[in-house]
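Structure first, commentary second.
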Amino acid sequence: MNNELHKNLVMVLIGLEIILAGCLVLLAFIYGIWLESFLFSDQATTKMWVIEGIKRQLIITAAGLVIATLIHIVNSRLIKILNYGSIKNSFIFSLGVFILIFLSGLAGVIIFIIQRPVLQ
């Protein structure tokens with residue numbers, strides 16, 4: 001393939017990855033802040049709300065780690081196939097995605113613990 005086609009393909013892939021990362025960050029926030037049912041909220045103490053928030057953050061962190069690892073693997077392979085860019089950039093991008101997912105989930109969990117949202 002010629003150099004111009006490589007550039008265009010790389011730009012399309014970068015755009016798709018940024019859109020995917022944005023959707024995952026939003027999904028992590030929504031999962032962190034998601035409403036609880038009456039069954040839980042009627043019986044829950046402050047400690048139980050905090051424990052539920054910690055559970056949610058652990059799930060978000062684990063999912064973010066898996067997603068960032070998959071993004072790094074896919075990007076590394078694409079860099080080798082297309083011979084464009086460096087693996088260091090792939091690692092930095094996947095680390096950035098993990099940090100954004102972690103922080104957005106943390107923001108959602110903090111709001112969840114403070115507001116204690118209940119499905120009505």
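The chains in the structure tokens are called A, B, ... from first to last as shown; in each chain the residues are counted from 1, and the ligands are counted from 1 in the order shown.
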
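Summary of the local environment: counting only C-alpha atoms, residues at most 7 Å from A:Ser104, other than itself and those fewer than 3 positions away along its chain, are Val25, Ala28, Phe29, Leu100, Ile101, Ala107 and Gly108 of chain A.
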
Neighbour list for A:Ile81 as a PyMOL selection string, cut-off 12 Å, only C-alpha atoms, skip fewer than 5 positions in-chain: chain A and resi 1+6+9-10+74-76+86-87

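Each of A:Val97, A:Val118, A:Lys80, A:Phe112 was checked against A:Cys23 using only C-alpha atoms; the smallest atom-to-atom distance is that of A:Val97.
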
Distance query stretch 50-54 of chain A at most 12 Å, only C-alpha atoms, self and fewer than 6 positions along chain excluded, as a list in words: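 Once the adjacent positions are removed, what remains is Tyr31, Gly32, Ile33, Trp34, Leu35, Glu36, Phe40, Ser41, Ala44, Ile60, Thr61, Gly105, Leu106, Ala107, Gly108, Val109, Ile110, Ile111, Phe112, Ile113, Ile114, Gln115, Arg116 and Pro117 of chain A.
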
Residue nearest A:Phe98 - candidates A:Leu82, A:Ile30, A:Gly22, A:Leu39, atoms counted: only C-alpha atoms: A:Gly22

Å distance separating atom CA of A:Trp49 from atom CA of A:Ala63, one decimal place: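 Those two atoms sit 21.2 Å apart.
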